[in-house]
Amino acid sequence: MRYAMAIDTKKCVGCGDCVVACQTENNVPIGYCRDWVVENVAGTYPQLEVEIRSERCNHCENSPCVRCCPTGASHIVEGGVVLVEHNKCIGCGACIESCPYDARYSHPDGYVDKCTFCLHRVQKGQDPACVSVCPTNCMYFGDLDNPNSDVSKMLATRKYKVLAPEAGTNPQIYYLT
Amino acid sequence: MKEELIVSGRMNPGIDPYLHIWHWQIPLYLFLGGLAAGILFFTALYYILGKEKELPTAVKWANFIAPAALVIGLFALFLDLKHKLFFWQLYTTIRLSSPMSWGAWTLMLITPLAFIWSASYLRELVPKWDWKLKILYDFEALVIKYRKPLAWAIIFLSIILGIYTGILLSAFNARPLWNTSLLGPLFLTSGLSTGAAVIMWMSKDHAERALFSKIDLILITAELFFIIHLFMGFLASTQVQINAAELFLGGEFTVTFWVFVIILGLVFPGILEILELRGYKVPVAVPAILILFGGLMFRFIMVEAGQITRYLY
């Protein structure tokens, strides 16, 4: 099993619903967020191109945060999901420094926090909160090992990219372009 | 042109607008750890070489600085932790892929050894010192008897400690400025250089002072050589590392780095040491303080600047 997410940059309008849904679902402290929306403008006027991306932890296969964690608090569970065990985390910040996507933050309670792919929902057969609320239906979640999952079907038919592949992390959030 | 905005307004404290999760605690620790490693290395080296009489400062006196530096450094590391009460989790596991883990274990070993080593010389430093308990006298005798294997352990651990202060940063490939294997030897050299400077400063014997002045000169040269290679490597590397180098070559850290680290921290004290060796009268404290100051600044700048550098996508 290999959980992954595909996000259609052609359909995303950047409404930020995914951000609010995550904050509500996961009780994210005020002023913090586990996912966020980026607007990327490239080119020279008048030939400008805009890409809107909803970003979060990439649940990397070769995850630098897990590698550099001195206590094993950052670990990988079923489906390749990267999680932080709060009672093992000492808040040293090594994983925050090691993440090329700046996807982690220091929770006010001391431990490090991040996206969990809403594993508590996924285990009940539901989609992650961000995916389930997307008003343009631009996000797809599922198991890459299952060729019939939403995410496998999208990746089979569409062109896609990942963020900073040169960082060698093998990220599992795919952006359909 | 390429512009990227976080339109949902992410403002995670410590992460945005640029990463600054590590503050003064980490560079201060890197400095004190390197200093302790440097002093302990020379202490153990010259003990093994049997120079206890010729180089009394190096073998007997300077090492009292090391346990103090380690304790202050460890306290700074503790202050950096944000989930402090769980710090003991570090010692429930050994994770070889994490430099912080084996660094924590190295500190766990070398700190008590530094205390034991210094304690075995305490009665020579303070003749009236009384250990009060017989068991402590027995322990002292035991340590004095086994000083040689102890020195070997210290020399080995001090090299690991000195390299670790650099590897800690270079293990993070997300920060292009740090992500170079040169950082290990560079921080080790810098740590040895600060250690030699302290011994030189404390020494009252002319021959010993001249020896450590020469050692320090070699280390300064090696450090400059590493720094040149560091920038050559960055400039011949990928865009993110070119950007990292440009922070020091015209960017916002140019003045602080070249003035405080290179000129005041390495070149100027190096010239003063050459003048002193040639027979000019130079107060030994001046080059020593400048080298210590340069080493401290170097670590502050590396930690600060490294957190700004990142991958672009």
# chains A, B, ... in the order shown; residues from 1 in each chain; ligands from 1
call {"tool": "select_by_dssp", "arguments": {"residues": "stretch 12-214 of chain B", "states": "alpha helix (DSSP H)", "output": "ChimeraX atom specification"}}
result
/B:25-48,56,65-80,99-125,134-145,147-170,183-202,206-214
call {"tool": "residues_around", "arguments": {"residues": "stretch 90-98 of chain A", "least_positions_apart": "4", "cutoff": "7 Å", "atoms": "only C-alpha atoms", "output": "number ranges by chain"}}
result
A: 64-65, 68-69, 102, 104-105, 110-112; B: 21, 80-84, 86-87, 172-174
call {"tool": "write_last_selection", "arguments": {"atoms": "N, CA and C atoms", "output": "mmCIF file, in the first residue's frame"}}
result
data_model
loop_
_atom_site.group_PDB
_atom_site.id
_atom_site.type_symbol
_atom_site.label_atom_id
_atom_site.label_comp_id
_atom_site.auth_asym_id
_atom_site.auth_seq_id
_atom_site.Cartn_x
_atom_site.Cartn_y
_atom_site.Cartn_z
ATOM 1 N N PRO A 64 13.810 12.913 4.604
ATOM 2 C CA PRO A 64 14.930 13.421 5.400
ATOM 3 C C PRO A 64 14.552 13.664 6.857
ATOM 4 N N CYS A 65 13.264 13.977 7.107
ATOM 5 C CA CYS A 65 12.835 14.251 8.484
ATOM 6 C C CYS A 65 12.929 12.999 9.345
ATOM 7 N N CYS A 68 16.744 12.162 9.993
ATOM 8 C CA CYS A 68 17.550 12.961 10.921
ATOM 9 C C CYS A 68 16.934 13.049 12.318
ATOM 10 N N CYS A 69 15.760 12.457 12.528
ATOM 11 C CA CYS A 69 15.145 12.537 13.854
ATOM 12 C C CYS A 69 15.973 11.739 14.856
ATOM 13 N N ASP A 102 9.316 22.869 3.874
ATOM 14 C CA ASP A 102 8.895 23.634 5.056
ATOM 15 C C ASP A 102 7.504 23.218 5.523
ATOM 16 N N ARG A 104 6.715 21.338 8.100
ATOM 17 C CA ARG A 104 6.551 21.068 9.528
ATOM 18 C C ARG A 104 6.610 22.358 10.320
ATOM 19 N N TYR A 105 6.011 22.353 11.489
ATOM 20 C CA TYR A 105 6.116 23.519 12.364
ATOM 21 C C TYR A 105 6.172 23.043 13.805
ATOM 22 N N GLY A 110 4.946 22.277 22.072
ATOM 23 C CA GLY A 110 6.350 21.860 22.137
ATOM 24 C C GLY A 110 6.767 20.876 21.068
ATOM 25 N N TYR A 111 5.889 19.930 20.751
ATOM 26 C CA TYR A 111 6.287 18.921 19.768
ATOM 27 C C TYR A 111 6.147 19.474 18.345
ATOM 28 N N VAL A 112 6.665 18.707 17.387
ATOM 29 C CA VAL A 112 6.579 19.126 15.987
ATOM 30 C C VAL A 112 5.343 18.491 15.359
ATOM 31 N N ILE B 21 14.098 28.582 12.936
ATOM 32 C CA ILE B 21 13.696 27.744 14.066
ATOM 33 C C ILE B 21 14.855 27.596 15.057
ATOM 34 N N ASP B 80 17.356 25.028 23.666
ATOM 35 C CA ASP B 80 16.829 25.024 22.296
ATOM 36 C C ASP B 80 15.639 24.084 22.156
ATOM 37 N N LEU B 81 15.590 23.026 22.955
ATOM 38 C CA LEU B 81 14.508 22.049 22.822
ATOM 39 C C LEU B 81 13.174 22.709 23.149
ATOM 40 N N LYS B 82 12.140 22.364 22.369
ATOM 41 C CA LYS B 82 10.837 22.967 22.612
ATOM 42 C C LYS B 82 9.925 22.016 23.385
ATOM 43 N N HIS B 83 10.299 20.758 23.466
ATOM 44 C CA HIS B 83 9.542 19.777 24.247
ATOM 45 C C HIS B 83 10.489 19.248 25.313
ATOM 46 N N LYS B 84 10.907 20.165 26.212
ATOM 47 C CA LYS B 84 12.070 19.925 27.070
ATOM 48 C C LYS B 84 11.960 18.690 27.945
ATOM 49 N N PHE B 86 10.882 15.959 27.522
ATOM 50 C CA PHE B 86 11.038 14.672 26.852
ATOM 51 C C PHE B 86 12.466 14.458 26.366
ATOM 52 N N PHE B 87 13.406 15.305 26.845
ATOM 53 C CA PHE B 87 14.780 15.251 26.326
ATOM 54 C C PHE B 87 15.393 13.867 26.496
ATOM 55 N N PHE B 172 21.601 18.131 6.515
ATOM 56 C CA PHE B 172 20.307 18.654 6.049
ATOM 57 C C PHE B 172 20.396 19.056 4.588
ATOM 58 N N ASN B 173 19.933 18.198 3.694
ATOM 59 C CA ASN B 173 20.063 18.552 2.287
ATOM 60 C C ASN B 173 19.057 19.620 1.877
ATOM 61 N N ALA B 174 18.076 19.901 2.740
ATOM 62 C CA ALA B 174 17.101 20.939 2.406
ATOM 63 C C ALA B 174 17.713 22.335 2.482
#
call {"tool": "atom_distance", "arguments": {"atom1": "atom CA of A:Val66", "atom2": "atom CA of A:His86"}}
result
13.9 Å
call {"tool": "closest_residue", "arguments": {"among": "A:Ala103, A:Leu163, A:Val37, A:Val77", "to": "A:Leu119", "atoms": "only C-alpha atoms"}}
result
A:Val77
call {"tool": "residues_around", "arguments": {"residues": "stretch 253-263 of chain B", "least_positions_apart": "2", "cutoff": "10 Å", "atoms": "only C-alpha atoms", "output": "ChimeraX atom specification"}}
result
/B:220,223-224,227,245-251,265-270,290-291,293-299,301-302,304-305
call {"tool": "atom_distance", "arguments": {"atom1": "atom CA of B:Ala285", "atom2": "atom CA of B:Thr194"}}
result
12.6 Å
call {"tool": "select_by_dssp", "arguments": {"residues": "chain A", "states": "strand (DSSP E)", "output": "CSV table (one decimal) with N, CA and C atoms, in the first residue's frame"}}
result
chain,number,residue,atom,x,y,z
A,3,TYR,N,0.0,5.3,-0.1
A,3,TYR,CA,-0.9,6.4,-0.2
A,3,TYR,C,-0.3,7.6,-0.9
A,4,ALA,N,-1.0,8.3,-1.7
A,4,ALA,CA,-0.5,9.4,-2.5
A,4,ALA,C,-1.7,10.4,-2.8
A,5,MET,N,-1.3,11.6,-3.2
A,5,MET,CA,-2.4,12.5,-3.5
A,5,MET,C,-2.0,13.2,-4.8
A,6,ALA,N,-3.0,13.4,-5.7
A,6,ALA,CA,-2.8,14.1,-6.9
A,6,ALA,C,-3.6,15.3,-6.9
A,7,ILE,N,-3.0,16.5,-7.3
A,7,ILE,CA,-3.8,17.7,-7.2
A,7,ILE,C,-3.7,18.4,-8.6
A,8,ASP,N,-4.9,18.7,-9.1
A,8,ASP,CA,-5.0,19.2,-10.5
A,8,ASP,C,-4.8,20.7,-10.5
A,36,TRP,N,-1.3,24.7,2.8
A,36,TRP,CA,-1.4,26.1,2.4
A,36,TRP,C,-1.5,26.2,0.9
A,37,VAL,N,-1.8,27.3,0.4
A,37,VAL,CA,-2.0,27.5,-1.1
A,37,VAL,C,-1.0,28.5,-1.6
A,38,VAL,N,-0.3,28.0,-2.7
A,38,VAL,CA,0.8,28.8,-3.3
A,38,VAL,C,0.3,29.3,-4.7
A,39,GLU,N,0.6,30.6,-5.0
A,39,GLU,CA,0.3,31.1,-6.3
A,39,GLU,C,1.7,31.4,-7.0
A,40,ASN,N,2.0,30.7,-8.0
A,40,ASN,CA,3.3,30.8,-8.7
A,40,ASN,C,3.1,31.4,-10.0
A,41,VAL,N,3.7,32.6,-10.2
A,41,VAL,CA,3.6,33.4,-11.4
A,41,VAL,C,5.0,33.3,-12.1
A,42,ALA,N,5.0,32.9,-13.4
A,42,ALA,CA,6.2,32.8,-14.1
A,42,ALA,C,6.1,33.4,-15.5
A,43,GLY,N,7.2,33.9,-16.0
A,43,GLY,CA,7.2,34.5,-17.4
A,43,GLY,C,7.4,36.0,-17.3
A,44,THR,N,7.3,36.7,-18.5
A,44,THR,CA,7.4,38.1,-18.5
A,44,THR,C,6.1,38.7,-19.1
A,47,GLN,N,3.3,37.7,-21.3
A,47,GLN,CA,3.3,36.2,-21.4
A,47,GLN,C,3.4,35.7,-20.0
A,48,LEU,N,2.4,35.8,-19.2
A,48,LEU,CA,2.5,35.3,-17.8
A,48,LEU,C,1.7,34.0,-17.6
A,49,GLU,N,2.2,33.1,-16.8
A,49,GLU,CA,1.5,31.9,-16.5
A,49,GLU,C,1.3,31.8,-15.0
A,50,VAL,N,0.2,31.4,-14.6
A,50,VAL,CA,-0.1,31.3,-13.2
A,50,VAL,C,-0.4,29.8,-12.8
A,51,GLU,N,0.2,29.4,-11.8
A,51,GLU,CA,-0.1,28.0,-11.3
A,51,GLU,C,-0.5,28.1,-9.8
A,52,ILE,N,-1.6,27.5,-9.5
A,52,ILE,CA,-2.0,27.6,-8.1
A,52,ILE,C,-1.9,26.1,-7.6
A,53,ARG,N,-1.2,26.0,-6.4
A,53,ARG,CA,-1.0,24.7,-5.9
A,53,ARG,C,-1.4,24.7,-4.4
A,54,SER,N,-2.1,23.6,-4.0
A,54,SER,CA,-2.3,23.4,-2.6
A,54,SER,C,-1.2,22.5,-2.1
A,55,GLU,N,-0.4,23.0,-1.1
A,55,GLU,CA,0.8,22.2,-0.7
A,55,GLU,C,0.6,21.7,0.7
A,74,SER,N,9.7,10.9,14.5
A,74,SER,CA,9.3,11.0,13.2
A,74,SER,C,9.4,9.5,12.6
A,75,HIS,N,8.3,9.0,12.1
A,75,HIS,CA,8.4,7.6,11.6
A,75,HIS,C,7.4,7.4,10.5
A,76,ILE,N,7.5,6.3,9.8
A,76,ILE,CA,6.7,6.0,8.7
A,76,ILE,C,5.8,4.8,9.0
A,77,VAL,N,4.5,5.0,8.8
A,77,VAL,CA,3.5,3.9,9.1
A,77,VAL,C,2.9,3.4,7.8
A,81,VAL,N,2.8,6.7,5.2
A,81,VAL,CA,2.5,8.0,5.8
A,81,VAL,C,3.5,8.4,6.8
A,82,VAL,N,4.0,9.6,6.8
A,82,VAL,CA,5.0,10.1,7.8
A,82,VAL,C,4.3,10.7,8.9
A,83,LEU,N,4.6,10.2,10.1
A,83,LEU,CA,3.9,10.8,11.3
A,83,LEU,C,4.9,11.2,12.4
A,84,VAL,N,4.5,12.0,13.3
A,84,VAL,CA,5.3,12.4,14.5
A,84,VAL,C,4.6,11.8,15.8
A,105,TYR,N,6.0,22.4,11.5
A,105,TYR,CA,6.1,23.5,12.4
A,105,TYR,C,6.2,23.0,13.8
A,106,SER,N,6.6,24.0,14.7
A,106,SER,CA,6.7,23.6,16.1
A,106,SER,C,5.4,24.0,16.7
A,112,VAL,N,6.7,18.7,17.4
A,112,VAL,CA,6.6,19.1,16.0
A,112,VAL,C,5.3,18.5,15.4
A,113,ASP,N,4.7,19.3,14.5
A,113,ASP,CA,3.4,18.8,14.0
A,113,ASP,C,3.4,19.0,12.5
A,139,MET,N,-8.7,17.5,-6.1
A,139,MET,CA,-7.7,16.7,-5.3
A,139,MET,C,-8.2,15.2,-5.3
A,140,TYR,N,-7.2,14.4,-5.5
A,140,TYR,CA,-7.5,12.9,-5.6
A,140,TYR,C,-6.6,12.2,-4.6
A,141,PHE,N,-7.2,11.3,-3.8
A,141,PHE,CA,-6.4,10.6,-2.8
A,141,PHE,C,-6.6,9.1,-3.0
A,142,GLY,N,-5.6,8.3,-2.7
A,142,GLY,CA,-5.7,6.9,-2.8
A,142,GLY,C,-4.5,6.1,-2.7
A,143,ASP,N,-4.6,4.9,-3.1
A,143,ASP,CA,-3.5,3.9,-3.0
A,143,ASP,C,-2.8,3.7,-4.3
A,160,TYR,N,2.2,15.0,-15.0
A,160,TYR,CA,2.3,15.5,-13.6
A,160,TYR,C,3.7,15.8,-13.3
A,161,LYS,N,3.9,16.5,-12.2
A,161,LYS,CA,5.2,16.8,-11.7
A,161,LYS,C,5.2,16.7,-10.1
A,173,ILE,N,3.2,13.8,-3.3
A,173,ILE,CA,2.1,14.6,-3.7
A,173,ILE,C,2.4,15.0,-5.2
A,174,TYR,N,1.5,14.6,-6.0
A,174,TYR,CA,1.7,14.8,-7.5
A,174,TYR,C,0.8,15.9,-8.0
A,175,TYR,N,1.4,16.8,-8.7
A,175,TYR,CA,0.7,18.0,-9.3
A,175,TYR,C,0.4,17.7,-10.8
A,176,LEU,N,-0.9,17.6,-11.1
A,176,LEU,CA,-1.3,17.4,-12.5
A,176,LEU,C,-1.1,18.7,-13.3
call {"tool": "residues_around", "arguments": {"residues": "B:Leu32", "least_positions_apart": "2", "cutoff": "7 Å", "atoms": "only C-alpha atoms", "output": "JSON list (two decimals) with N, CA, C and O atoms, in the first residue's frame"}}
result
[["chain", "number", "residue", "atom", "x", "y", "z"],
["B", 28, "LEU", "N", 25.95, 28.81, 19.55],
["B", 28, "LEU", "CA", 26.76, 28.88, 20.78],
["B", 28, "LEU", "C", 27.24, 27.49, 21.15],
["B", 28, "LEU", "O", 28.42, 27.28, 21.49],
["B", 29, "TYR", "N", 26.33, 26.51, 21.07],
["B", 29, "TYR", "CA", 26.74, 25.14, 21.38],
["B", 29, "TYR", "C", 27.80, 24.65, 20.39],
["B", 29, "TYR", "O", 28.79, 24.03, 20.79],
["B", 30, "LEU", "N", 27.60, 24.94, 19.10],
["B", 30, "LEU", "CA", 28.57, 24.47, 18.09],
["B", 30, "LEU", "C", 29.95, 25.04, 18.40],
["B", 30, "LEU", "O", 30.97, 24.38, 18.24],
["B", 34, "GLY", "N", 33.00, 22.70, 19.76],
["B", 34, "GLY", "CA", 34.24, 22.70, 18.98],
["B", 34, "GLY", "C", 35.43, 23.09, 19.84],
["B", 34, "GLY", "O", 36.51, 22.49, 19.75],
["B", 35, "LEU", "N", 35.22, 24.10, 20.72],
["B", 35, "LEU", "CA", 36.29, 24.56, 21.61],
["B", 35, "LEU", "C", 36.72, 23.43, 22.55],
["B", 35, "LEU", "O", 37.91, 23.14, 22.71],
["B", 36, "ALA", "N", 35.71, 22.78, 23.16],
["B", 36, "ALA", "CA", 36.02, 21.67, 24.08],
["B", 36, "ALA", "C", 36.74, 20.55, 23.33],
["B", 36, "ALA", "O", 37.72, 19.99, 23.84],
["B", 69, "ALA", "N", 32.92, 24.32, 29.26],
["B", 69, "ALA", "CA", 32.36, 24.64, 27.94],
["B", 69, "ALA", "C", 31.29, 23.62, 27.57],
["B", 69, "ALA", "O", 30.23, 23.98, 27.04],
["B", 70, "LEU", "N", 31.55, 22.34, 27.86],
["B", 70, "LEU", "CA", 30.58, 21.29, 27.51],
["B", 70, "LEU", "C", 29.27, 21.48, 28.28],
["B", 70, "LEU", "O", 28.19, 21.34, 27.73],
["B", 73, "GLY", "N", 27.46, 24.43, 26.91],
["B", 73, "GLY", "CA", 26.96, 24.07, 25.58],
["B", 73, "GLY", "C", 25.75, 23.15, 25.68],
["B", 73, "GLY", "O", 24.75, 23.34, 24.97]]
call {"tool": "closest_atom_pairs", "arguments": {"of": "chain B", "to": "chain A", "cutoff": "8 Å", "atoms": "only C-alpha atoms", "output": "tab-separated table"}}
result
residue	atom	partner	partner_atom	distance
B:Met1	CA	A:Gly43	CA	5.3
B:Lys2	CA	A:Ala42	CA	4.3
B:Glu3	CA	A:Val41	CA	5.1
B:Glu4	CA	A:Asn40	CA	4.4
B:Leu5	CA	A:Glu39	CA	5.2
B:Ile6	CA	A:Val38	CA	4.3
B:Val7	CA	A:Val38	CA	5.5
B:Ser8	CA	A:Val37	CA	5.1
B:Gly9	CA	A:Trp36	CA	7.5
B:Arg10	CA	A:Trp36	CA	6.1
B:Met11	CA	A:Tyr32	CA	6.6
B:Asn12	CA	A:Tyr32	CA	4.9
B:Pro13	CA	A:Tyr105	CA	7.5
B:Gly14	CA	A:Tyr105	CA	7.4
B:Ile15	CA	A:Tyr105	CA	6.8
B:Leu19	CA	A:Glu97	CA	8.0
B:Ile21	CA	A:Gly93	CA	6.7
B:Trp22	CA	A:Gly93	CA	7.3
B:Asp80	CA	A:Cys92	CA	6.6
B:Leu81	CA	A:Cys92	CA	4.7
B:Lys82	CA	A:Gly91	CA	4.4
B:His83	CA	A:Gly110	CA	4.4
B:Lys84	CA	A:Ile90	CA	6.1
B:Leu85	CA	A:Ile90	CA	7.6
B:Phe86	CA	A:Ile90	CA	5.3
B:Phe87	CA	A:Ile90	CA	5.3
B:Gln89	CA	A:Thr71	CA	5.9
B:Leu90	CA	A:Thr71	CA	5.2
B:Tyr91	CA	A:Thr71	CA	7.9
B:Thr92	CA	A:Thr71	CA	7.4
B:Thr93	CA	A:Thr71	CA	6.3
B:Ile94	CA	A:Pro70	CA	7.7
B:Arg95	CA	A:Pro70	CA	6.2
B:Ser97	CA	A:Arg67	CA	5.5
B:Ser98	CA	A:Cys68	CA	4.1
B:Pro99	CA	A:Cys68	CA	6.8
B:Met100	CA	A:Pro70	CA	5.5
B:Ser101	CA	A:Pro70	CA	4.4
B:Ala171	CA	A:Cys68	CA	7.6
B:Phe172	CA	A:Ser98	CA	4.8
B:Asn173	CA	A:Ser98	CA	6.5
B:Ala174	CA	A:Pro100	CA	4.4
B:Arg175	CA	A:Ser98	CA	7.2
B:Gln307	CA	A:Glu97	CA	7.3
B:Arg310	CA	A:Pro100	CA	6.8
B:Tyr311	CA	A:Pro100	CA	6.2
B:Leu312	CA	A:Ala164	CA	7.1
B:Tyr313	CA	A:Ala164	CA	5.7
call {"tool": "atom_distance", "arguments": {"atom1": "atom CA of B:Pro283", "atom2": "atom CA of B:Asp205"}}
result
13.9 Å
call {"tool": "closest_residue", "arguments": {"among": "B:Ala196, B:Ile271, B:Leu169, B:Ile228", "to": "B:Ala288", "atoms": "only C-alpha atoms"}}
result
B:Ala196
call {"tool": "residues_around", "arguments": {"residues": "stretch 21-27 of chain A", "least_positions_apart": "6", "cutoff": "7 Å", "atoms": "only C-alpha atoms", "output": "ChimeraX atom specification"}}
result
/A:33,129-130,133
call {"tool": "residues_around", "arguments": {"residues": "B:Glu54", "least_positions_apart": "2", "cutoff": "12 Å", "atoms": "only C-alpha atoms", "output": "compact mmCIF listing (two decimals) with all heavy atoms, in the first residue's frame"}}
result
# COMPACT_ATOMS: atom_id res chain seq x y z
N TYR B 46 49.06 15.44 23.66
CA TYR B 46 50.37 15.69 24.28
C TYR B 46 50.58 14.84 25.52
O TYR B 46 51.71 14.61 25.91
CB TYR B 46 50.56 17.19 24.53
CG TYR B 46 50.86 17.90 23.23
CD1 TYR B 46 49.97 18.79 22.66
CD2 TYR B 46 52.04 17.60 22.54
CE1 TYR B 46 50.24 19.39 21.45
CE2 TYR B 46 52.31 18.19 21.33
CZ TYR B 46 51.42 19.08 20.78
OH TYR B 46 51.69 19.66 19.57
N TYR B 47 49.49 14.37 26.12
CA TYR B 47 49.70 13.41 27.21
C TYR B 47 50.25 12.11 26.65
O TYR B 47 51.22 11.55 27.17
CB TYR B 47 48.39 13.15 27.97
CG TYR B 47 48.63 12.17 29.10
CD1 TYR B 47 49.16 12.61 30.30
CD2 TYR B 47 48.40 10.81 28.92
CE1 TYR B 47 49.44 11.72 31.31
CE2 TYR B 47 48.68 9.91 29.93
CZ TYR B 47 49.20 10.37 31.12
OH TYR B 47 49.50 9.49 32.13
N LEU B 49 51.87 11.71 23.95
CA LEU B 49 53.24 11.91 23.47
C LEU B 49 54.23 12.12 24.62
O LEU B 49 55.43 12.33 24.39
CB LEU B 49 53.29 13.13 22.53
CG LEU B 49 52.56 12.96 21.19
CD1 LEU B 49 52.58 14.26 20.41
CD2 LEU B 49 53.15 11.83 20.36
N GLY B 50 53.71 12.11 25.87
CA GLY B 50 54.59 12.21 27.03
C GLY B 50 55.16 13.60 27.27
O GLY B 50 56.29 13.74 27.74
N LYS B 51 54.40 14.64 26.93
CA LYS B 51 54.90 16.02 27.08
C LYS B 51 54.31 16.72 28.31
O LYS B 51 54.20 17.94 28.33
CB LYS B 51 54.54 16.84 25.84
CG LYS B 51 55.03 16.26 24.54
CD LYS B 51 56.44 16.71 24.24
CE LYS B 51 56.85 16.10 22.92
NZ LYS B 51 58.05 16.59 22.36
N GLU B 52 53.91 15.94 29.31
CA GLU B 52 53.28 16.52 30.48
C GLU B 52 54.14 17.61 31.12
O GLU B 52 53.63 18.63 31.57
CB GLU B 52 52.98 15.41 31.48
CG GLU B 52 51.91 15.75 32.47
CD GLU B 52 51.56 14.57 33.37
OE1 GLU B 52 52.24 13.53 33.25
OE2 GLU B 52 50.63 14.70 34.16
N PRO B 56 52.86 21.95 30.23
CA PRO B 56 51.93 21.77 31.36
C PRO B 56 50.55 22.38 31.10
O PRO B 56 49.53 21.82 31.53
CB PRO B 56 52.63 22.47 32.52
CG PRO B 56 53.57 23.43 31.88
CD PRO B 56 53.98 22.83 30.59
N THR B 57 50.48 23.52 30.39
CA THR B 57 49.17 24.14 30.16
C THR B 57 48.30 23.23 29.31
O THR B 57 47.12 23.02 29.60
CB THR B 57 49.34 25.49 29.43
OG1 THR B 57 50.40 26.19 30.03
CG2 THR B 57 48.07 26.30 29.50
N ALA B 58 48.88 22.71 28.24
CA ALA B 58 48.10 21.87 27.33
C ALA B 58 47.59 20.62 28.02
O ALA B 58 46.45 20.23 27.84
CB ALA B 58 48.95 21.50 26.11
N VAL B 59 48.46 19.98 28.81
CA VAL B 59 48.08 18.69 29.38
C VAL B 59 47.30 18.84 30.69
O VAL B 59 46.35 18.10 30.94
CB VAL B 59 49.33 17.81 29.58
CG1 VAL B 59 48.95 16.48 30.22
CG2 VAL B 59 50.02 17.58 28.25
N LYS B 60 47.70 19.83 31.53
CA LYS B 60 47.13 19.85 32.88
C LYS B 60 46.10 20.95 33.12
O LYS B 60 45.14 20.74 33.88
CB LYS B 60 48.25 20.04 33.90
CG LYS B 60 49.20 18.87 34.00
CD LYS B 60 50.18 19.17 35.09
CE LYS B 60 51.34 18.20 35.10
NZ LYS B 60 52.36 18.63 36.07
N SER B 203 48.92 29.83 28.45
CA SER B 203 50.27 29.38 28.74
C SER B 203 51.18 30.52 29.19
O SER B 203 51.10 31.63 28.67
CB SER B 203 50.85 28.72 27.49
OG SER B 203 52.19 28.40 27.74
N LYS B 204 52.05 30.22 30.18
CA LYS B 204 53.00 31.22 30.64
C LYS B 204 54.40 30.91 30.15
O LYS B 204 55.33 31.67 30.35
CB LYS B 204 52.98 31.28 32.18
CG LYS B 204 51.63 31.67 32.70
CD LYS B 204 51.71 32.34 34.05
CE LYS B 204 50.40 33.03 34.38
NZ LYS B 204 49.20 32.16 34.22
N ASP B 205 54.52 29.74 29.54
CA ASP B 205 55.84 29.28 29.10
C ASP B 205 56.06 29.68 27.64
O ASP B 205 55.21 29.45 26.78
CB ASP B 205 55.87 27.75 29.23
CG ASP B 205 57.19 27.19 28.72
OD1 ASP B 205 58.20 27.44 29.38
OD2 ASP B 205 57.17 26.53 27.67
N HIS B 206 57.22 30.29 27.36
CA HIS B 206 57.43 30.83 26.02
C HIS B 206 57.46 29.77 24.94
O HIS B 206 56.86 29.91 23.88
CB HIS B 206 58.73 31.66 25.99
CG HIS B 206 58.91 32.36 24.68
ND1 HIS B 206 59.70 31.86 23.67
CD2 HIS B 206 58.35 33.49 24.20
CE1 HIS B 206 59.63 32.67 22.63
NE2 HIS B 206 58.82 33.68 22.93
N ALA B 207 58.14 28.64 25.22
CA ALA B 207 58.25 27.58 24.21
C ALA B 207 56.87 26.99 23.90
O ALA B 207 56.53 26.73 22.74
CB ALA B 207 59.19 26.50 24.71
N GLU B 208 56.06 26.77 24.95
CA GLU B 208 54.73 26.20 24.75
C GLU B 208 53.85 27.14 23.93
O GLU B 208 53.14 26.73 23.02
CB GLU B 208 54.08 25.93 26.11
CG GLU B 208 52.77 25.18 26.00
CD GLU B 208 52.16 24.88 27.36
OE1 GLU B 208 52.42 25.65 28.31
OE2 GLU B 208 51.42 23.89 27.47
N ARG B 209 53.98 28.45 24.27
CA ARG B 209 53.20 29.44 23.57
C ARG B 209 53.57 29.47 22.08
O ARG B 209 52.71 29.52 21.21
CB ARG B 209 53.49 30.81 24.19
CG ARG B 209 52.29 31.70 24.24
CD ARG B 209 52.71 33.05 24.72
NE ARG B 209 52.49 33.21 26.14
CZ ARG B 209 52.76 34.34 26.78
NH1 ARG B 209 53.33 35.36 26.14
NH2 ARG B 209 52.51 34.46 28.05
N LEU B 211 54.84 27.03 20.35
CA LEU B 211 54.37 25.81 19.69
C LEU B 211 52.90 25.95 19.29
O LEU B 211 52.52 25.65 18.15
CB LEU B 211 54.55 24.61 20.63
CG LEU B 211 53.92 23.31 20.12
CD1 LEU B 211 54.71 22.77 18.94
CD2 LEU B 211 53.82 22.26 21.21
